[in-house]
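Working notes, structure below.
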Amino acid sequence: MKKKFLNLGKQPITNSFLKDIDTKTINKEYFYNLSVGFNNKNYLVSLMNHVDPKKQFTNQYAHRASQSKTMRESFKKTAKKLKERFKPNNCLEIGSNDGVFIKNFKKKQIIAVEPCTNLAKITQSEGYKTYGKFWNKKIASIIKKKHRKFDLIFSANTISHIPNLDEVFKSVSMVLKEEGVFVFEDPYIGSVIQNNSYDQFYDEHVHLFSLISISKIVSKAQLKVFDAEITKNHGGSICFYVCRKDSKSIETKRLKLLKKKEIKQGLHKLKTYQKFSNRVAESRKKLVQLLKDLKKKNKKIISYGATYKSATIFNYCNIGKELIDYVVDTTPNKQGKFTPGKHIPIISPEIGFDSSVDYAFLGAWNFKREIQAKEKNFINRGGKFIIHVPKVKII
Ligand code: TYD
């Protein structure tokens with residue numbers, strides 16, 4: 001049923017930034033084979049083998065959604081839009097990270113579930129009721145007993161991380177009011193195919209959704225998608241609006257249009273993904289060649305943003321310290337560490353993004369505009385960014 005179409009080779013856990021690169025630490029580093037498949041029954045694109053979530057979502061989880069201005073503003077806008085459209089009395093967020101979304105709500109109006117306990121502790125200490133748990137039937141049942149059911153359930157960049165989707169939606173169904181709405185947003189496979197952004201595949205992205213796949217999957221939990229929209233977040237995401245099958249909500253016009261667009265793009269055919277796989281191999285060749293050519297000319301290349309996405313690229317393309325001197329990143333708990341798998345040092349932009357840098361590979365290409373605006377001095381003095389989406393080029 002699930003046919004493999006892409007093999008990105010031996011990969012580490014993208015969130016596992018190394019504190020040291022001594023032999024003992026390196027020997028202990030966990031690797032798995034990252035390959036991706038297409039299910040021709042429900043059209044879902046997902047990893048052939050997933051990593052144990054307990055290895056990924058630990059009490060040392062590094063990513064903080066609040067640290068990006070783009071994301072803070074995006075979540076603020078989303079919260080405002082949802083409040084105006086659905087006028088919820090009570091809300092639940094699944095995967096609240098450091099509270100970037102819930103902070104737009106009154107403390108009594110929203111509760112949160114977040115398995116990374118270092119993050120759950122932050123929002124709990126700020127007065128937001130936060131359950132430091134994985135989303136499943138068990139926690140849904142506890143929440144139902146304590147808080148009853150919800151008008152609005154929200155989740156961003158979380159549902160695609162959970163291997164068992166049937167359990168996800170059945171658990172949502174347990175705590176969703178009769179006319180309640182479940183809104184969730186995750187990276188979009190249509191954008192990945194269009195942009196050749198194969199770096200959206202990594203251990204945490206167990207699935208990459210399309211409208212045609214999610215429509216089939218939620219149906220098993222007696223739910224239906226009544227609206228969907230494509231957003232710019234994370235380089236191209238899809239936001240689904242889901243309700244009960246017997247809800248009064250009716251399918252929107254844009255939902256019908258998007259379904260047609262996906263069929264036209266061929267998201268229901270294995271062939272589309274096989275062609276994409278050929279373009280990925282081509283992209284690797286070009287990127288490695290470009291970096292090698294620049295290195296031959298004695299140019300200093302660094303990477304901008306210690307993203308999970310760039311871990312996929314560096315490990316798949318076998319790019320290490322010989323090509324990228326170091327990575328700059330504003331996240332304090334990534335600084336001083338080393339990238340997973342290829343062990344490139346990570347330092348703060350204040351220290352590393354100086355006049356010695358000739359080229360910066362945009363590991364955080366999804367924040368291209370924010371970074372270009374911030375780094376005008378680099379551009380003005382002749383510094384150049386390298387990007388690999390939709391094609392490998394110097395910008
Ligand atoms: P993110 O977008 O979450 O990508 P991924 O999910 O692939 O990890 O990560 C963006 C990273 O880039 C994050 O570590 C912060 C960093 N960053 C900077 O260092 N400077 C910036 O100006 C921006 C916007 C991000």
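We name chains A, B, ... following the order of the structure tokens; residues begin at 1 in each chain, and ligands are numbered from 1 as shown.
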Surrounding residues of range 353-367 of chain A excluding itself and chain neighbours under 4 positions, 8 Å, only C-alpha atoms, as a list in words: Thr70, Asn233, His234, Gly235, Lys299, Lys300, Ile301, Ile302, Ser303, Tyr304, Gly305, Ala306, Thr307, Lys309, Ser310, Val328, Ser348, Pro349, Ile371, Phe378, Gly382, Gly383, Lys384, Phe385, Ile386, Ile387 and Val389 of chain A
Export of the given selection (N, CA and C atoms) as a PDB file, in the first residue's frame:
ATOM      1  N   THR A  70       8.515  36.663  12.764  1.00  0.00           N
ATOM      2  CA  THR A  70       7.548  36.228  11.741  1.00  0.00           C
ATOM      3  C   THR A  70       6.494  35.305  12.363  1.00  0.00           C
ATOM      4  N   ASN A 233       3.492  30.079   5.942  1.00  0.00           N
ATOM      5  CA  ASN A 233       4.297  29.644   7.086  1.00  0.00           C
ATOM      6  C   ASN A 233       5.202  28.457   6.741  1.00  0.00           C
ATOM      7  N   HIS A 234       6.395  28.478   7.309  1.00  0.00           N
ATOM      8  CA  HIS A 234       7.365  27.383   7.142  1.00  0.00           C
ATOM      9  C   HIS A 234       7.580  27.009   5.674  1.00  0.00           C
ATOM     10  N   GLY A 235       7.540  28.012   4.807  1.00  0.00           N
ATOM     11  CA  GLY A 235       7.821  27.759   3.398  1.00  0.00           C
ATOM     12  C   GLY A 235       6.671  27.105   2.652  1.00  0.00           C
ATOM     13  N   LYS A 299      36.475  31.131  -0.854  1.00  0.00           N
ATOM     14  CA  LYS A 299      35.390  31.905  -0.252  1.00  0.00           C
ATOM     15  C   LYS A 299      34.995  31.270   1.082  1.00  0.00           C
ATOM     16  N   LYS A 300      34.602  32.131   2.023  1.00  0.00           N
ATOM     17  CA  LYS A 300      34.142  31.605   3.308  1.00  0.00           C
ATOM     18  C   LYS A 300      32.627  31.464   3.262  1.00  0.00           C
ATOM     19  N   ILE A 301      32.170  30.238   3.503  1.00  0.00           N
ATOM     20  CA  ILE A 301      30.722  29.964   3.457  1.00  0.00           C
ATOM     21  C   ILE A 301      30.264  29.549   4.856  1.00  0.00           C
ATOM     22  N   ILE A 302      29.175  30.148   5.292  1.00  0.00           N
ATOM     23  CA  ILE A 302      28.571  29.707   6.549  1.00  0.00           C
ATOM     24  C   ILE A 302      27.112  29.351   6.257  1.00  0.00           C
ATOM     25  N   SER A 303      26.399  28.868   7.264  1.00  0.00           N
ATOM     26  CA  SER A 303      24.976  28.604   7.068  1.00  0.00           C
ATOM     27  C   SER A 303      24.188  29.469   8.036  1.00  0.00           C
ATOM     28  N   TYR A 304      23.038  29.962   7.598  1.00  0.00           N
ATOM     29  CA  TYR A 304      22.251  30.894   8.406  1.00  0.00           C
ATOM     30  C   TYR A 304      20.997  30.180   8.911  1.00  0.00           C
ATOM     31  N   GLY A 305      20.945  29.907  10.235  1.00  0.00           N
ATOM     32  CA  GLY A 305      19.808  29.206  10.827  1.00  0.00           C
ATOM     33  C   GLY A 305      20.107  27.728  10.994  1.00  0.00           C
ATOM     34  N   ALA A 306      20.260  27.309  12.258  1.00  0.00           N
ATOM     35  CA  ALA A 306      20.504  25.875  12.528  1.00  0.00           C
ATOM     36  C   ALA A 306      19.165  25.150  12.523  1.00  0.00           C
ATOM     37  N   THR A 307      18.576  25.078  11.343  1.00  0.00           N
ATOM     38  CA  THR A 307      17.232  24.502  11.229  1.00  0.00           C
ATOM     39  C   THR A 307      17.288  22.977  11.176  1.00  0.00           C
ATOM     40  N   LYS A 309      15.534  21.500   9.036  1.00  0.00           N
ATOM     41  CA  LYS A 309      15.554  21.271   7.591  1.00  0.00           C
ATOM     42  C   LYS A 309      16.990  21.140   7.071  1.00  0.00           C
ATOM     43  N   SER A 310      17.874  22.024   7.578  1.00  0.00           N
ATOM     44  CA  SER A 310      19.244  21.976   7.050  1.00  0.00           C
ATOM     45  C   SER A 310      19.979  20.714   7.507  1.00  0.00           C
ATOM     46  N   VAL A 328      25.262  30.058  11.957  1.00  0.00           N
ATOM     47  CA  VAL A 328      24.853  31.079  12.939  1.00  0.00           C
ATOM     48  C   VAL A 328      23.370  30.910  13.233  1.00  0.00           C
ATOM     49  N   SER A 348      26.534  32.352  17.673  1.00  0.00           N
ATOM     50  CA  SER A 348      25.548  33.432  17.545  1.00  0.00           C
ATOM     51  C   SER A 348      25.912  34.306  16.341  1.00  0.00           C
ATOM     52  N   PRO A 349      24.904  34.915  15.702  1.00  0.00           N
ATOM     53  CA  PRO A 349      25.195  35.791  14.559  1.00  0.00           C
ATOM     54  C   PRO A 349      26.080  36.972  14.969  1.00  0.00           C
ATOM     55  N   ILE A 371      15.242  37.661   7.167  1.00  0.00           N
ATOM     56  CA  ILE A 371      16.705  37.635   7.271  1.00  0.00           C
ATOM     57  C   ILE A 371      17.335  38.661   6.317  1.00  0.00           C
ATOM     58  N   PHE A 378      25.277  43.067   5.400  1.00  0.00           N
ATOM     59  CA  PHE A 378      25.954  41.947   4.741  1.00  0.00           C
ATOM     60  C   PHE A 378      25.773  42.059   3.216  1.00  0.00           C
ATOM     61  N   GLY A 382      28.480  43.289  -0.195  1.00  0.00           N
ATOM     62  CA  GLY A 382      28.777  42.292  -1.231  1.00  0.00           C
ATOM     63  C   GLY A 382      28.581  40.854  -0.798  1.00  0.00           C
ATOM     64  N   GLY A 383      28.142  40.639   0.443  1.00  0.00           N
ATOM     65  CA  GLY A 383      27.856  39.279   0.907  1.00  0.00           C
ATOM     66  C   GLY A 383      26.667  38.715   0.145  1.00  0.00           C
ATOM     67  N   LYS A 384      26.664  37.399  -0.054  1.00  0.00           N
ATOM     68  CA  LYS A 384      25.574  36.797  -0.850  1.00  0.00           C
ATOM     69  C   LYS A 384      24.964  35.608  -0.110  1.00  0.00           C
ATOM     70  N   PHE A 385      23.658  35.455  -0.291  1.00  0.00           N
ATOM     71  CA  PHE A 385      22.975  34.286   0.259  1.00  0.00           C
ATOM     72  C   PHE A 385      22.882  33.200  -0.810  1.00  0.00           C
ATOM     73  N   ILE A 386      22.898  31.957  -0.353  1.00  0.00           N
ATOM     74  CA  ILE A 386      22.690  30.813  -1.256  1.00  0.00           C
ATOM     75  C   ILE A 386      21.385  30.151  -0.817  1.00  0.00           C
ATOM     76  N   ILE A 387      20.556  29.812  -1.788  1.00  0.00           N
ATOM     77  CA  ILE A 387      19.285  29.153  -1.457  1.00  0.00           C
ATOM     78  C   ILE A 387      19.151  27.912  -2.342  1.00  0.00           C
ATOM     79  N   VAL A 389      15.911  26.453  -2.814  1.00  0.00           N
ATOM     80  CA  VAL A 389      14.513  26.322  -3.257  1.00  0.00           C
ATOM     81  C   VAL A 389      14.077  27.541  -4.073  1.00  0.00           C
TER      82      VAL A 389
END
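If you count only C-alpha atoms and ignore residues fewer than 5 places along the chain from range 258-274 of chain A, what sits within 8 Å of it is Lys3, Phe5, Leu6, Phe38, Asn40, Tyr43, Gly190, Ile193, Ser210, Leu211, Ile212, Ala228 and Glu229 of chain A.
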Best match for closeness to ligand 1 among A:Ile394, A:Cys91, A:Leu290, A:Ile13, counting only C-alpha atoms and all ligand atoms: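 Selected residue with least distance to ligand 1: A:Ile13.
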Nearby residues (only C-alpha atoms) at most 12 Å from Ser249 in chain A, same-chain spacing under 2 positions excluded, as a PyMOL selection string: chain A and resi 86+178-181+223-227+241-247+251-252
Near-range 143-151 of chain A list (12 Å; only C-alpha atoms; drop same-chain fewer than 6 positions) as a VMD selection string: chain A and resid 82 to 83 85 to 94 108 to 113 129 to 131 133 135 to 137 171 to 183 242 to 244
Polymer residues at most 8 Å from Thr331 in chain A, only C-alpha atoms, same-chain spacing of 3 or more positions, as number ranges by chain: A: 64, 67, 334-335, 348
DSSP-assigned alpha helix (DSSP H) members of range 180-366 of chain A, reported as an MDAnalysis selection string: chainID A and resid 189:195 211:219 253:265 270:296 308:317 349:352
Distance in Å - CA of Ser237 in chain A versus CA of Thr117 in chain A: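 CA of Thr117 in chain A lies 26.1 Å from CA of Ser237 in chain A.
Secondary structure from DSSP on the backbone puts strand (DSSP E or B) at the following positions of range 87-143 of chain A: Cys91, Leu92, Glu93, Ile94, Ile110, Ile111, Ala112, Val113, Thr130 and Tyr131 of chain A.
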Of the listed residues A:Asn315, A:Thr78, A:Thr339, A:Asn15, that which approaches ligand 1 most closely, counting only C-alpha atoms and all ligand atoms: A:Asn15
Å distance separating CA of Leu294 in chain A from CA of Ile351 in chain A, one decimal place: 22.6 Å
Atom 9 (O, counted along the ligand's line) of ligand 1 to CA of Asp98 in chain A, straight-line distance in Å: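 Atom-to-atom, CA of Asp98 in chain A and atom 9 (O, counted along the ligand's line) of ligand 1 are spaced 14.1 Å apart.
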Option closest in space to Pro187 in chain A, from A:Leu291, A:Ile230, A:Ile250, A:Met71 [counting only C-alpha atoms]: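 For Pro187 in chain A, the nearest of the candidates is A:Ile230.
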